[in-house]
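J.: Contents of structure.cif (mmCIF, C-alpha atoms):
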data_target
loop_
_atom_site.label_atom_id
_atom_site.label_comp_id
_atom_site.auth_asym_id
_atom_site.auth_seq_id
_atom_site.Cartn_x
_atom_site.Cartn_y
_atom_site.Cartn_z
CA MET L 1 0.00 0.00 0.00
CA THR L 2 1.40 3.38 -0.99
CA THR L 3 0.37 6.86 -0.02
CA ALA L 4 -3.17 7.69 -0.98
CA PRO L 5 -3.52 10.50 -3.54
CA SER L 6 -6.79 11.56 -1.95
CA ALA L 7 -8.34 10.82 1.40
CA PRO L 8 -11.17 8.27 1.45
CA THR L 9 -14.68 9.64 1.83
CA ASP L 10 -17.37 8.24 4.05
CA ARG L 11 -18.51 6.12 1.11
CA THR L 12 -15.11 4.78 0.10
CA ARG L 13 -13.50 4.18 3.47
CA VAL L 14 -13.09 0.42 3.87
CA ARG L 15 -14.35 -0.76 7.25
CA ARG L 16 -14.27 -4.56 7.13
CA ASN L 17 -10.69 -5.85 6.98
CA ALA L 18 -9.49 -2.26 6.68
CA ASN L 19 -5.92 -3.53 6.35
CA TYR L 20 -6.86 -4.80 2.87
CA ALA L 21 -7.76 -1.27 1.73
CA ASP L 22 -5.72 0.61 -0.84
CA TYR L 23 -6.49 4.15 -1.96
CA ASP L 24 -3.57 4.42 -4.37
CA SER L 25 -4.39 5.39 -7.95
CA ALA L 26 -1.84 2.98 -9.44
CA THR L 27 -3.70 0.09 -7.79
CA LEU L 28 -7.00 1.40 -9.10
CA HIS L 29 -5.61 1.83 -12.62
CA ALA L 30 -4.26 -1.72 -12.65
CA ILE L 31 -7.61 -3.18 -11.55
CA ILE L 32 -9.47 -1.28 -14.31
CA ASP L 33 -6.86 -1.96 -16.98
CA THR L 34 -7.01 -5.73 -16.44
CA ALA L 35 -10.82 -5.79 -16.41
CA TRP L 36 -13.03 -6.28 -19.47
CA LEU L 37 -16.25 -5.64 -17.59
CA CYS L 38 -17.46 -3.43 -14.77
CA ASN L 39 -20.76 -3.46 -12.89
CA VAL L 40 -22.65 -0.17 -12.98
CA ALA L 41 -25.19 0.24 -10.17
CA PHE L 42 -27.68 3.10 -9.95
CA HIS L 43 -31.11 3.89 -8.53
CA ASP L 44 -33.84 5.06 -10.90
CA GLY L 45 -36.15 6.42 -8.21
CA ALA L 46 -38.04 3.15 -7.87
CA SER L 47 -35.45 0.37 -8.11
CA THR L 48 -31.74 -0.21 -7.87
CA HIS L 49 -30.14 -1.75 -10.95
CA CYS L 50 -26.73 -3.32 -11.48
CA ILE L 51 -25.68 -3.82 -15.08
CA PRO L 52 -22.45 -5.39 -16.37
CA THR L 53 -20.87 -3.54 -19.26
CA ALA L 54 -17.51 -3.25 -21.01
CA CYS L 55 -15.11 -0.70 -19.54
CA TRP L 56 -11.79 0.91 -20.25
CA ARG L 57 -9.67 3.68 -18.78
CA ASP L 58 -8.10 6.82 -20.15
CA GLY L 59 -6.21 8.89 -17.60
CA GLU L 60 -8.31 9.52 -14.53
CA HIS L 61 -11.64 8.37 -16.00
CA LEU L 62 -13.35 5.02 -16.46
CA TYR L 63 -15.28 4.80 -19.75
CA ILE L 64 -18.30 2.81 -20.88
CA HIS L 65 -20.53 3.07 -23.92
CA GLY L 66 -24.09 2.25 -24.79
CA SER L 67 -26.84 2.68 -27.29
CA ASN L 68 -28.57 6.06 -26.92
CA GLY L 69 -31.91 4.36 -26.40
CA GLY L 70 -30.69 1.80 -23.87
CA ARG L 71 -31.96 1.95 -20.31
CA LEU L 72 -28.45 2.19 -18.86
CA THR L 73 -27.56 5.15 -21.06
CA ARG L 74 -30.84 6.98 -20.55
CA LEU L 75 -30.76 6.67 -16.77
CA LEU L 76 -27.07 7.47 -16.30
CA MET L 77 -27.50 10.63 -18.34
CA LYS L 78 -30.28 11.88 -16.01
CA ASP L 79 -28.00 13.22 -13.25
CA THR L 80 -28.00 9.77 -11.70
CA GLN L 81 -25.34 8.91 -9.14
CA ALA L 82 -23.62 5.64 -9.90
CA CYS L 83 -21.46 3.09 -8.16
CA VAL L 84 -19.09 1.13 -10.37
CA THR L 85 -17.53 -2.10 -9.11
CA ILE L 86 -14.84 -4.34 -10.56
CA THR L 87 -13.64 -7.54 -8.92
CA HIS L 88 -10.89 -9.92 -9.95
CA LEU L 89 -11.12 -13.24 -8.11
CA ASP L 90 -7.70 -14.81 -7.53
CA GLY L 91 -8.34 -17.85 -5.37
CA LEU L 92 -10.11 -19.75 -2.61
CA VAL L 93 -8.33 -19.68 0.75
CA MET L 94 -8.59 -22.92 2.72
CA ALA L 95 -8.21 -22.63 6.49
CA ARG L 96 -8.36 -25.05 9.42
CA SER L 97 -11.78 -23.76 10.51
CA ALA L 98 -14.87 -23.16 8.41
CA PHE L 99 -15.16 -19.47 9.27
CA ASN L 100 -11.51 -18.68 8.50
CA HIS L 101 -11.96 -19.71 4.88
CA SER L 102 -11.68 -16.71 2.59
CA MET L 103 -11.05 -15.59 -0.97
CA ASN L 104 -8.17 -13.76 -2.57
CA TYR L 105 -9.28 -10.91 -4.80
CA ARG L 106 -8.58 -7.39 -6.06
CA SER L 107 -11.62 -5.13 -6.17
CA ALA L 108 -12.39 -1.50 -6.85
CA VAL L 109 -15.48 0.54 -6.00
CA MET L 110 -15.97 3.93 -7.65
CA TYR L 111 -18.66 6.52 -6.89
CA GLY L 112 -19.78 9.47 -8.95
CA GLN L 113 -21.80 10.62 -11.91
CA PHE L 114 -21.20 9.66 -15.51
CA GLU L 115 -20.90 12.41 -18.08
CA ALA L 116 -21.29 12.06 -21.83
CA VAL L 117 -18.17 12.39 -23.95
CA ASP L 118 -19.27 15.12 -26.33
CA GLY L 119 -18.02 15.88 -29.80
CA ASP L 120 -17.22 13.56 -32.66
CA ALA L 121 -13.44 13.71 -32.25
CA ALA L 122 -13.58 13.03 -28.52
CA LYS L 123 -15.97 10.10 -28.98
CA ARG L 124 -13.78 8.62 -31.69
CA ALA L 125 -10.67 9.01 -29.55
CA SER L 126 -12.40 7.28 -26.63
CA MET L 127 -13.57 4.36 -28.71
CA ALA L 128 -10.10 4.09 -30.23
CA ALA L 129 -8.68 3.70 -26.72
CA PHE L 130 -11.20 0.91 -26.12
CA MET L 131 -10.21 -0.93 -29.30
CA ASP L 132 -6.55 -0.55 -28.37
CA LYS L 133 -7.28 -2.25 -25.08
CA VAL L 134 -9.19 -5.11 -26.73
CA ALA L 135 -6.61 -5.76 -29.43
CA PRO L 136 -3.61 -3.47 -29.83
CA GLY L 137 -3.05 -2.71 -33.50
CA ARG L 138 -6.40 -4.04 -34.69
CA GLN L 139 -7.88 -0.66 -35.41
CA ALA L 140 -6.17 -0.39 -38.78
CA ASP L 141 -7.66 -3.72 -39.88
CA VAL L 142 -11.35 -3.04 -39.39
CA ARG L 143 -13.93 -0.59 -40.65
CA ALA L 144 -14.08 2.42 -38.35
CA GLY L 145 -17.39 3.50 -36.89
CA SER L 146 -19.62 5.37 -39.32
CA ASP L 147 -21.24 8.70 -38.53
CA LYS L 148 -24.53 6.85 -38.14
CA GLU L 149 -23.04 4.34 -35.69
CA TYR L 150 -21.47 7.10 -33.61
CA ALA L 151 -24.68 9.12 -33.65
CA ALA L 152 -26.56 6.16 -32.13
CA THR L 153 -23.98 5.59 -29.39
CA THR L 154 -23.28 7.42 -26.14
CA VAL L 155 -19.77 7.25 -24.73
CA MET L 156 -19.78 7.99 -21.00
CA ARG L 157 -17.07 8.49 -18.42
CA ILE L 158 -16.81 8.74 -14.66
CA ALA L 159 -13.98 10.50 -12.85
CA LEU L 160 -11.83 8.33 -10.59
CA THR L 161 -11.98 10.85 -7.78
CA GLU L 162 -13.99 8.88 -5.20
CA ALA L 163 -12.77 5.33 -5.27
CA SER L 164 -11.23 2.66 -3.12
CA CYS L 165 -9.61 -0.68 -3.73
CA LYS L 166 -9.45 -3.74 -1.56
CA ALA L 167 -7.24 -6.76 -2.06
CA ARG L 168 -6.45 -9.95 -0.23
CA THR L 169 -3.46 -12.15 -1.02
CA GLY L 170 -1.77 -15.11 0.60
CA GLY L 171 -2.77 -18.06 2.72
CA PRO L 172 -5.26 -18.51 5.56
CA HIS L 173 -5.17 -16.73 8.90
CA ASP L 174 -5.90 -19.54 11.31
CA ASP L 175 -6.69 -19.19 14.99
CA ALA L 176 -3.85 -20.30 17.27
CA ASP L 177 -6.18 -22.84 18.89
CA ASP L 178 -6.84 -24.48 15.50
CA MET L 179 -3.25 -25.18 14.46
CA HIS L 180 -3.46 -28.82 15.56
CA ILE L 181 -6.25 -29.55 13.10
CA GLU L 182 -5.09 -31.84 10.30
CA ALA L 183 -6.77 -30.25 7.31
CA TRP L 184 -5.18 -29.30 4.00
CA VAL L 185 -4.45 -25.56 4.18
CA GLY L 186 -3.45 -23.20 1.41
CA VAL L 187 -4.85 -21.48 -1.64
CA LEU L 188 -6.73 -22.85 -4.64
CA PRO L 189 -5.82 -20.13 -7.15
CA MET L 190 -7.79 -19.22 -10.23
CA ALA L 191 -7.33 -16.76 -13.08
CA LEU L 192 -9.31 -15.47 -16.05
CA THR L 193 -7.21 -17.16 -18.70
CA PRO L 194 -7.08 -16.73 -22.49
CA GLN L 195 -8.06 -19.83 -24.41
CA ALA L 196 -7.22 -20.85 -28.00
CA PRO L 197 -8.62 -18.34 -30.56
CA VAL L 198 -11.55 -19.58 -32.67
CA PRO L 199 -11.43 -18.04 -36.17
CA GLU L 200 -14.65 -17.81 -38.14
CA PRO L 201 -14.91 -20.44 -40.90
CA ASP L 202 -14.78 -17.63 -43.48
CA CYS L 203 -11.79 -15.89 -41.91
CA GLY L 204 -9.39 -15.59 -44.80
CA VAL L 205 -6.47 -13.69 -43.30
CA ALA L 206 -3.31 -14.85 -41.56
CA THR L 207 -3.22 -14.73 -37.76
CA PRO L 208 -2.24 -11.19 -36.75
CA THR L 209 0.13 -10.44 -33.89
CA TYR L 210 -2.59 -9.51 -31.44
CA VAL L 211 -4.37 -12.84 -31.99
CA ALA L 212 -1.17 -14.86 -31.70
CA ALA L 213 -0.31 -12.99 -28.50
CA TRP L 214 -3.71 -13.84 -27.01
CA TYR L 215 -2.80 -17.47 -26.41
CA ALA L 216 0.96 -17.56 -26.64
CA MET X 1 -33.91 -20.96 -24.67
CA THR X 2 -36.63 -23.04 -23.03
CA THR X 3 -40.03 -22.05 -21.74
CA ALA X 4 -39.92 -19.47 -19.00
CA PRO X 5 -41.21 -20.67 -15.62
CA SER X 6 -42.42 -17.16 -14.83
CA ALA X 7 -43.06 -14.19 -17.03
CA PRO X 8 -40.46 -11.40 -16.94
CA THR X 9 -41.42 -8.27 -15.03
CA ASP X 10 -40.85 -4.73 -16.14
CA ARG X 11 -37.50 -4.83 -14.34
CA THR X 12 -36.29 -8.14 -15.70
CA ARG X 13 -37.50 -7.98 -19.31
CA VAL X 14 -34.39 -7.75 -21.50
CA ARG X 15 -34.71 -4.98 -24.06
CA ARG X 16 -31.29 -4.71 -25.74
CA ASN X 17 -30.54 -7.82 -27.81
CA ALA X 18 -33.73 -9.38 -26.50
CA ASN X 19 -32.91 -12.55 -28.45
CA TYR X 20 -30.10 -13.18 -25.91
CA ALA X 21 -32.57 -13.27 -23.02
CA ASP X 22 -33.35 -16.45 -21.11
CA TYR X 23 -35.88 -16.64 -18.29
CA ASP X 24 -35.42 -20.35 -17.63
CA SER X 25 -34.55 -21.35 -14.07
CA ALA X 26 -32.08 -24.03 -15.17
CA THR X 27 -30.03 -21.34 -16.91
CA LEU X 28 -30.17 -19.14 -13.82
CA HIS X 29 -29.14 -22.00 -11.54
CA ALA X 30 -26.17 -22.84 -13.75
CA ILE X 31 -24.95 -19.23 -13.74
CA ILE X 32 -25.15 -19.03 -9.93
CA ASP X 33 -23.68 -22.48 -9.35
CA THR X 34 -20.58 -21.71 -11.42
CA ALA X 35 -20.04 -18.31 -9.75
CA TRP X 36 -17.97 -17.69 -6.63
CA LEU X 37 -18.99 -14.06 -6.33
CA CYS X 38 -22.05 -11.95 -6.96
CA ASN X 39 -22.46 -8.17 -6.93
CA VAL X 40 -25.09 -6.89 -4.52
CA ALA X 41 -26.40 -3.41 -5.35
CA PHE X 42 -28.71 -1.39 -3.10
CA HIS X 43 -29.62 2.19 -2.29
CA ASP X 44 -29.25 3.40 1.29
CA GLY X 45 -31.37 6.52 0.89
CA ALA X 46 -28.40 8.71 -0.02
CA SER X 47 -26.16 6.59 -2.26
CA THR X 48 -26.20 3.48 -4.38
CA HIS X 49 -23.66 0.83 -3.42
CA CYS X 50 -22.47 -2.25 -5.27
CA ILE X 51 -20.54 -4.77 -3.20
CA PRO X 52 -18.98 -8.05 -4.37
CA THR X 53 -19.51 -10.96 -2.03
CA ALA X 54 -19.41 -14.75 -2.05
CA CYS X 55 -22.62 -16.50 -3.09
CA TRP X 56 -24.14 -19.92 -3.31
CA ARG X 57 -27.53 -21.42 -4.13
CA ASP X 58 -29.88 -23.77 -2.37
CA GLY X 59 -33.10 -24.50 -4.23
CA GLU X 60 -34.77 -21.31 -5.37
CA HIS X 61 -32.68 -18.91 -3.26
CA LEU X 62 -29.28 -17.25 -3.66
CA TYR X 63 -27.37 -17.02 -0.36
CA ILE X 64 -24.73 -14.64 0.97
CA HIS X 65 -23.33 -14.09 4.44
CA GLY X 66 -21.76 -11.26 6.32
CA SER X 67 -20.67 -9.99 9.68
CA ASN X 68 -23.63 -8.67 11.69
CA GLY X 69 -21.94 -5.28 12.03
CA GLY X 70 -20.97 -4.93 8.37
CA ARG X 71 -22.55 -2.21 6.26
CA LEU X 72 -23.84 -4.69 3.68
CA THR X 73 -25.57 -6.78 6.32
CA ARG X 74 -27.00 -3.85 8.24
CA LEU X 75 -28.44 -2.18 5.16
CA LEU X 76 -29.81 -5.31 3.51
CA MET X 77 -31.65 -6.19 6.71
CA LYS X 78 -33.44 -2.80 6.71
CA ASP X 79 -36.14 -3.73 4.18
CA THR X 80 -33.80 -2.65 1.43
CA GLN X 81 -34.53 -3.73 -2.13
CA ALA X 82 -31.49 -5.24 -3.81
CA CYS X 83 -30.27 -6.09 -7.29
CA VAL X 84 -27.86 -8.99 -7.55
CA THR X 85 -25.76 -9.45 -10.68
CA ILE X 86 -23.46 -12.26 -11.78
CA THR X 87 -21.52 -12.25 -15.04
CA HIS X 88 -19.30 -14.90 -16.57
CA LEU X 89 -17.17 -13.51 -19.38
CA ASP X 90 -16.47 -16.09 -22.09
CA GLY X 91 -14.68 -14.23 -24.84
CA LEU X 92 -14.00 -11.22 -27.03
CA VAL X 93 -15.79 -11.26 -30.38
CA MET X 94 -13.78 -9.80 -33.25
CA ALA X 95 -15.78 -8.44 -36.19
CA ARG X 96 -14.94 -6.72 -39.47
CA SER X 97 -16.13 -3.34 -38.18
CA ALA X 98 -15.34 -1.64 -34.90
CA PHE X 99 -18.97 -1.38 -33.76
CA ASN X 100 -19.78 -5.03 -34.44
CA HIS X 101 -17.17 -6.17 -31.93
CA SER X 102 -18.82 -7.78 -28.94
CA MET X 103 -18.29 -10.08 -25.98
CA ASN X 104 -19.56 -13.55 -25.22
CA TYR X 105 -20.95 -13.87 -21.70
CA ARG X 106 -23.57 -15.42 -19.45
CA SER X 107 -25.14 -13.02 -16.97
CA ALA X 108 -27.95 -13.03 -14.44
CA VAL X 109 -29.76 -10.13 -12.78
CA MET X 110 -31.95 -10.81 -9.75
CA TYR X 111 -34.26 -8.36 -7.94
CA GLY X 112 -35.78 -8.62 -4.52
CA GLN X 113 -35.21 -8.31 -0.83
CA PHE X 114 -32.83 -10.38 1.25
CA GLU X 115 -34.17 -12.10 4.35
CA ALA X 116 -32.12 -13.43 7.24
CA VAL X 117 -31.83 -17.18 7.61
CA ASP X 118 -33.04 -17.57 11.19
CA GLY X 119 -32.32 -20.35 13.62
CA ASP X 120 -29.09 -22.11 14.42
CA ALA X 121 -29.88 -25.28 12.47
CA ALA X 122 -30.93 -23.38 9.35
CA LYS X 123 -27.84 -21.16 9.47
CA ARG X 124 -25.57 -24.17 9.88
CA ALA X 125 -27.28 -26.01 7.02
CA SER X 126 -26.86 -22.95 4.77
CA MET X 127 -23.18 -22.56 5.57
CA ALA X 128 -22.69 -26.29 5.05
CA ALA X 129 -24.10 -25.92 1.55
CA PHE X 130 -21.60 -23.11 0.94
CA MET X 131 -18.65 -25.23 2.10
CA ASP X 132 -19.86 -28.09 -0.07
CA LYS X 133 -19.75 -25.75 -3.05
CA VAL X 134 -16.24 -24.52 -2.22
CA ALA X 135 -14.76 -27.96 -1.60
CA PRO X 136 -16.98 -31.04 -1.60
CA GLY X 137 -16.07 -33.28 1.30
CA ARG X 138 -13.94 -30.72 3.13
CA GLN X 139 -16.43 -30.10 5.89
CA ALA X 140 -15.36 -33.18 7.83
CA ASP X 141 -11.73 -32.00 7.82
CA VAL X 142 -12.09 -28.57 9.43
CA ARG X 143 -13.37 -27.13 12.66
CA ALA X 144 -17.07 -26.28 12.31
CA GLY X 145 -18.28 -22.80 13.18
CA SER X 146 -18.54 -22.13 16.90
CA ASP X 147 -21.65 -20.70 18.53
CA LYS X 148 -19.78 -17.40 18.88
CA GLU X 149 -18.85 -17.36 15.17
CA TYR X 150 -22.42 -18.10 14.12
CA ALA X 151 -23.78 -15.49 16.52
CA ALA X 152 -21.62 -12.82 14.85
CA THR X 153 -22.67 -13.81 11.32
CA THR X 154 -25.83 -13.13 9.35
CA VAL X 155 -26.76 -15.58 6.60
CA MET X 156 -29.06 -13.94 4.07
CA ARG X 157 -31.01 -15.23 1.10
CA ILE X 158 -32.95 -13.76 -1.79
CA ALA X 159 -35.68 -15.64 -3.66
CA LEU X 160 -35.02 -16.27 -7.36
CA THR X 161 -38.50 -15.12 -8.31
CA GLU X 162 -37.68 -11.96 -10.27
CA ALA X 163 -34.65 -12.70 -12.39
CA SER X 164 -33.45 -12.79 -15.94
CA CYS X 165 -30.44 -14.17 -17.72
CA LYS X 166 -28.72 -13.00 -20.85
CA ALA X 167 -26.11 -14.85 -22.84
CA ARG X 168 -24.20 -14.39 -26.06
CA THR X 169 -22.28 -17.15 -27.79
CA GLY X 170 -20.59 -17.61 -31.14
CA GLY X 171 -18.82 -15.44 -33.66
CA PRO X 172 -19.36 -11.91 -34.92
CA HIS X 173 -22.45 -10.66 -36.72
CA ASP X 174 -20.97 -8.62 -39.53
CA ASP X 175 -22.84 -6.28 -41.83
CA ALA X 176 -23.25 -7.65 -45.36
CA ASP X 177 -21.44 -4.59 -46.71
CA ASP X 178 -18.38 -5.37 -44.57
CA MET X 179 -17.73 -8.94 -45.71
CA HIS X 180 -15.01 -7.87 -48.12
CA ILE X 181 -12.88 -6.44 -45.29
CA GLU X 182 -9.75 -8.48 -44.71
CA ALA X 183 -9.58 -8.54 -40.93
CA TRP X 184 -9.14 -11.55 -38.65
CA VAL X 185 -12.61 -12.51 -37.45
CA GLY X 186 -13.59 -14.89 -34.69
CA VAL X 187 -13.56 -15.23 -30.93
CA LEU X 188 -10.77 -14.79 -28.40
CA PRO X 189 -12.16 -17.04 -25.64
CA MET X 190 -11.34 -16.77 -21.96
CA ALA X 191 -12.29 -18.74 -18.86
CA LEU X 192 -11.84 -18.47 -15.11
CA THR X 193 -9.42 -21.36 -14.77
CA PRO X 194 -8.12 -23.25 -11.72
CA GLN X 195 -4.40 -22.90 -11.21
CA ALA X 196 -1.99 -25.18 -9.29
CA PRO X 197 -2.87 -25.38 -5.56
CA VAL X 198 -0.49 -23.59 -3.20
CA PRO X 199 -0.27 -25.44 0.14
CA GLU X 200 0.82 -23.53 3.22
CA PRO X 201 4.42 -24.26 4.27
CA ASP X 202 3.08 -25.85 7.45
CA CYS X 203 0.47 -27.98 5.70
CA GLY X 204 1.20 -31.46 6.99
CA VAL X 205 -1.52 -33.53 5.39
CA ALA X 206 -1.67 -35.41 2.10
CA THR X 207 -3.51 -33.80 -0.80
CA PRO X 208 -7.21 -34.56 -0.40
CA THR X 209 -9.45 -35.46 -3.32
CA TYR X 210 -11.04 -32.03 -3.57
CA VAL X 211 -7.63 -30.35 -3.87
CA ALA X 212 -6.37 -32.85 -6.43
CA ALA X 213 -9.57 -32.35 -8.43
CA TRP X 214 -9.08 -28.56 -8.45
CA TYR X 215 -6.25 -28.72 -10.97
CA ALA X 216 -6.53 -32.14 -12.54
#
Using structure tokens, write down the structure from this file.
T.:
Amino acid sequence: MTTAPSAPTDRTRVRRNANYADYDSATLHAIIDTAWLCNVAFHDGASTHCIPTACWRDGEHLYIHGSNGGRLTRLLMKDTQACVTITHLDGLVMARSAFNHSMNYRSAVMYGQFEAVDGDAAKRASMAAFMDKVAPGRQADVRAGSDKEYAATTVMRIALTEASCKARTGGPHDDADDMHIEAWVGVLPMALTPQAPVPEPDCGVATPTYVAAWYA
Amino acid sequence: MTTAPSAPTDRTRVRRNANYADYDSATLHAIIDTAWLCNVAFHDGASTHCIPTACWRDGEHLYIHGSNGGRLTRLLMKDTQACVTITHLDGLVMARSAFNHSMNYRSAVMYGQFEAVDGDAAKRASMAAFMDKVAPGRQADVRAGSDKEYAATTVMRIALTEASCKARTGGPHDDADDMHIEAWVGVLPMALTPQAPVPEPDCGVATPTYVAAWYA
């Protein structure tokens, strides 16, 4: 844990297992940059919703996009406060007692209000950053978004000003009184892992670098 | 997609890509049963929160647990409506145009109100179901929860009565006008994959079946 760039607010201060908290922006950036999806939660006046959607980062903002007519877009653009959560699950932690079992993870929770990215150039630059995250170098290979496609799409961003991260690593924390118990103890790790690419039957081009690198 | 056991409500009816929707309970069960974590979103009167937490299923309920004093527990037990979301990401879908790129996924969104699982026997049975999900057969090896541990813990469940699933599979859906474009097209799959178990240095027991099966 390094020095926090900004003090936690009442909403972002981690209370449970506060020693797992991390308010450093480099930690936050790494969690966003290795995520494909975030969960966007918001209240529409009647109900709370939580919608998974693709995300990327540029500087001190997290970006998402949606169809203009979609519920997520319409509601987020109505001055709605949002909470965005990303979690990477790294493993199951096996302890000598049932209640000391745990999970290893890296998570981020961000609060704030999304704003639309206005202007054709800014929208195109944002979507270019997204494509660069998905597949570096691919942009030159595909048809760019048309004016009609851009006109039907809202690109939105939320500032990373009120956020906190939480992470757990390592093995179990057993009670001293439990150390005699003869159970297997340790971590069952897991990772979101690239699998072998599946080209379309009509894919007629050689494997580009970014596809080969996917499953090297 | 099979016949829905219950009609979607205004909150659960899928509008975007409605052909990806699935209201079948078998699909919902499979999404929960293969998830370690869910995201619980709720509004506390001032802010919307979205918190990742471990989940499991028993029959037609999704279960979570938390410390009695934790914010999540305290707020969910105050007649708070919740939205629970689970998403499994299966791959990046590479199309011939930027806007036809997509992701393959299986997601579930559940609405309702959590209720506490009351009574010592019911709480113990619920937590036993959780341990059986984490590591079948492990329960006999570890110290069971003490009365003090159970007294400090709230087990909560939400009925799976207002829920919808959405899933995308397969390759890109390109526009007819784009078929001449010479870009690599297909899917870059990914999966949350077990990695080699990491025993604690002081783990003195032989590898049990459920650990060997983790990374077979």
J.: List the spatial neighbours of Asp33 in chain L as a PyMOL selection string - criterion: any atom at most 10 Å away, all atoms listed in the file, same-chain residues fewer than 2 positions off excluded.
T.: chain L and resi 27-31+35-36+55-58+62+133
J.: As an exercise, work out the distance from CA of Ile86 in chain X to CA of Tyr63 in chain X in Å and give it to one decimal place.
T.: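 Atom-to-atom, CA of Ile86 in chain X to CA of Tyr63 in chain X, that is 13.0 Å.
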J.: Set the distance at 9 Å and use only C-alpha atoms: which residues neighbour Cys50 in chain L once local chain neighbours fewer than 2 positions away are removed? I'd like the list as a PyMOL selection string.
T.: (chain L and resi 39-43+48+52+83-84) or (chain X and resi 39-42+50+83-85+109)
J.: Nearest residue to Ser102 in chain L out of L:Gly69, L:Gly137, L:Pro189, L:Gly45, using only C-alpha atoms?
T.: L:Pro189
J.: Do a neighbour search on range 120-130 of chain L at 12 Å with all atoms listed in the file, toss out local chain neighbours closer than 3 positions, and write the hits as a PyMOL selection string.
T.: (chain L and resi 33+35-37+54-59+61-66+116-117+133-140+142+144-157) or (chain X and resi 98-99+101-102)
J.: Just the selected residues (C-alpha atoms), exported as an mmCIF file, in the coordinates of the input, please.
T.:
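For reference, out_5.cif as written:
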data_model
loop_
_atom_site.group_PDB
_atom_site.id
_atom_site.type_symbol
_atom_site.label_atom_id
_atom_site.label_comp_id
_atom_site.auth_asym_id
_atom_site.auth_seq_id
_atom_site.Cartn_x
_atom_site.Cartn_y
_atom_site.Cartn_z
ATOM 1 C CA ASP L 33 -6.860 -1.960 -16.980
ATOM 2 C CA ALA L 35 -10.820 -5.790 -16.410
ATOM 3 C CA TRP L 36 -13.030 -6.280 -19.470
ATOM 4 C CA LEU L 37 -16.250 -5.640 -17.590
ATOM 5 C CA ALA L 54 -17.510 -3.250 -21.010
ATOM 6 C CA CYS L 55 -15.110 -0.700 -19.540
ATOM 7 C CA TRP L 56 -11.790 0.910 -20.250
ATOM 8 C CA ARG L 57 -9.670 3.680 -18.780
ATOM 9 C CA ASP L 58 -8.100 6.820 -20.150
ATOM 10 C CA GLY L 59 -6.210 8.890 -17.600
ATOM 11 C CA HIS L 61 -11.640 8.370 -16.000
ATOM 12 C CA LEU L 62 -13.350 5.020 -16.460
ATOM 13 C CA TYR L 63 -15.280 4.800 -19.750
ATOM 14 C CA ILE L 64 -18.300 2.810 -20.880
ATOM 15 C CA HIS L 65 -20.530 3.070 -23.920
ATOM 16 C CA GLY L 66 -24.090 2.250 -24.790
ATOM 17 C CA ALA L 116 -21.290 12.060 -21.830
ATOM 18 C CA VAL L 117 -18.170 12.390 -23.950
ATOM 19 C CA LYS L 133 -7.280 -2.250 -25.080
ATOM 20 C CA VAL L 134 -9.190 -5.110 -26.730
ATOM 21 C CA ALA L 135 -6.610 -5.760 -29.430
ATOM 22 C CA PRO L 136 -3.610 -3.470 -29.830
ATOM 23 C CA GLY L 137 -3.050 -2.710 -33.500
ATOM 24 C CA ARG L 138 -6.400 -4.040 -34.690
ATOM 25 C CA GLN L 139 -7.880 -0.660 -35.410
ATOM 26 C CA ALA L 140 -6.170 -0.390 -38.780
ATOM 27 C CA VAL L 142 -11.350 -3.040 -39.390
ATOM 28 C CA ALA L 144 -14.080 2.420 -38.350
ATOM 29 C CA GLY L 145 -17.390 3.500 -36.890
ATOM 30 C CA SER L 146 -19.620 5.370 -39.320
ATOM 31 C CA ASP L 147 -21.240 8.700 -38.530
ATOM 32 C CA LYS L 148 -24.530 6.850 -38.140
ATOM 33 C CA GLU L 149 -23.040 4.340 -35.690
ATOM 34 C CA TYR L 150 -21.470 7.100 -33.610
ATOM 35 C CA ALA L 151 -24.680 9.120 -33.650
ATOM 36 C CA ALA L 152 -26.560 6.160 -32.130
ATOM 37 C CA THR L 153 -23.980 5.590 -29.390
ATOM 38 C CA THR L 154 -23.280 7.420 -26.140
ATOM 39 C CA VAL L 155 -19.770 7.250 -24.730
ATOM 40 C CA MET L 156 -19.780 7.990 -21.000
ATOM 41 C CA ARG L 157 -17.070 8.490 -18.420
ATOM 42 C CA ALA X 98 -15.340 -1.640 -34.900
ATOM 43 C CA PHE X 99 -18.970 -1.380 -33.760
ATOM 44 C CA HIS X 101 -17.170 -6.170 -31.930
ATOM 45 C CA SER X 102 -18.820 -7.780 -28.940
#
J.: Report the residues retrieved by the PyMOL selection byres ((chain L and resi 15) around 12) from the displayed file, expressed as a ChimeraX atom specification.
T.: /L:8-14,16-22,164-166 /X:67,69-72
J.: Using only C-alpha atoms, can you tell me which of L:Arg143, L:His88, L:Lys78, L:His180 comes closest to chain X?
T.: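 So, comparing all the options, the nearest one is L:Arg143.
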J.: Could you write out as a VMD selection string the residues that the PyMOL selection byres ((chain L and resi 197) around 9) matches in the shown file?
T.: (chain L and resid 194 to 196 198 to 199 211 to 212 214 to 215) or (chain X and resid 186 to 189)
J.: Could you check how far CA of Glu182 in chain L sits from CA of Ala206 in chain X, in Å to one decimal?
T.: 9.6 Å
J.: In terms of the shortest atom-to-atom distance over only C-alpha atoms, which of X:Glu200, X:Thr169, X:Phe114, X:Gly91 is closest to chain L?
T.: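 Using only C-alpha atoms, chain L sits closest to X:Glu200.
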J.: For the file shown, report as a ChimeraX atom specification the outcome of the PyMOL selection byres ((chain X and resi 172) around 6) at residue level.
T.: /X:93,95,171,173-174
J.: Have a look at CA of Thr34 in chain L and CA of Leu89 in chain X and let me know their distance in Å, one decimal.
T.: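 It comes out at 13.1 Å.
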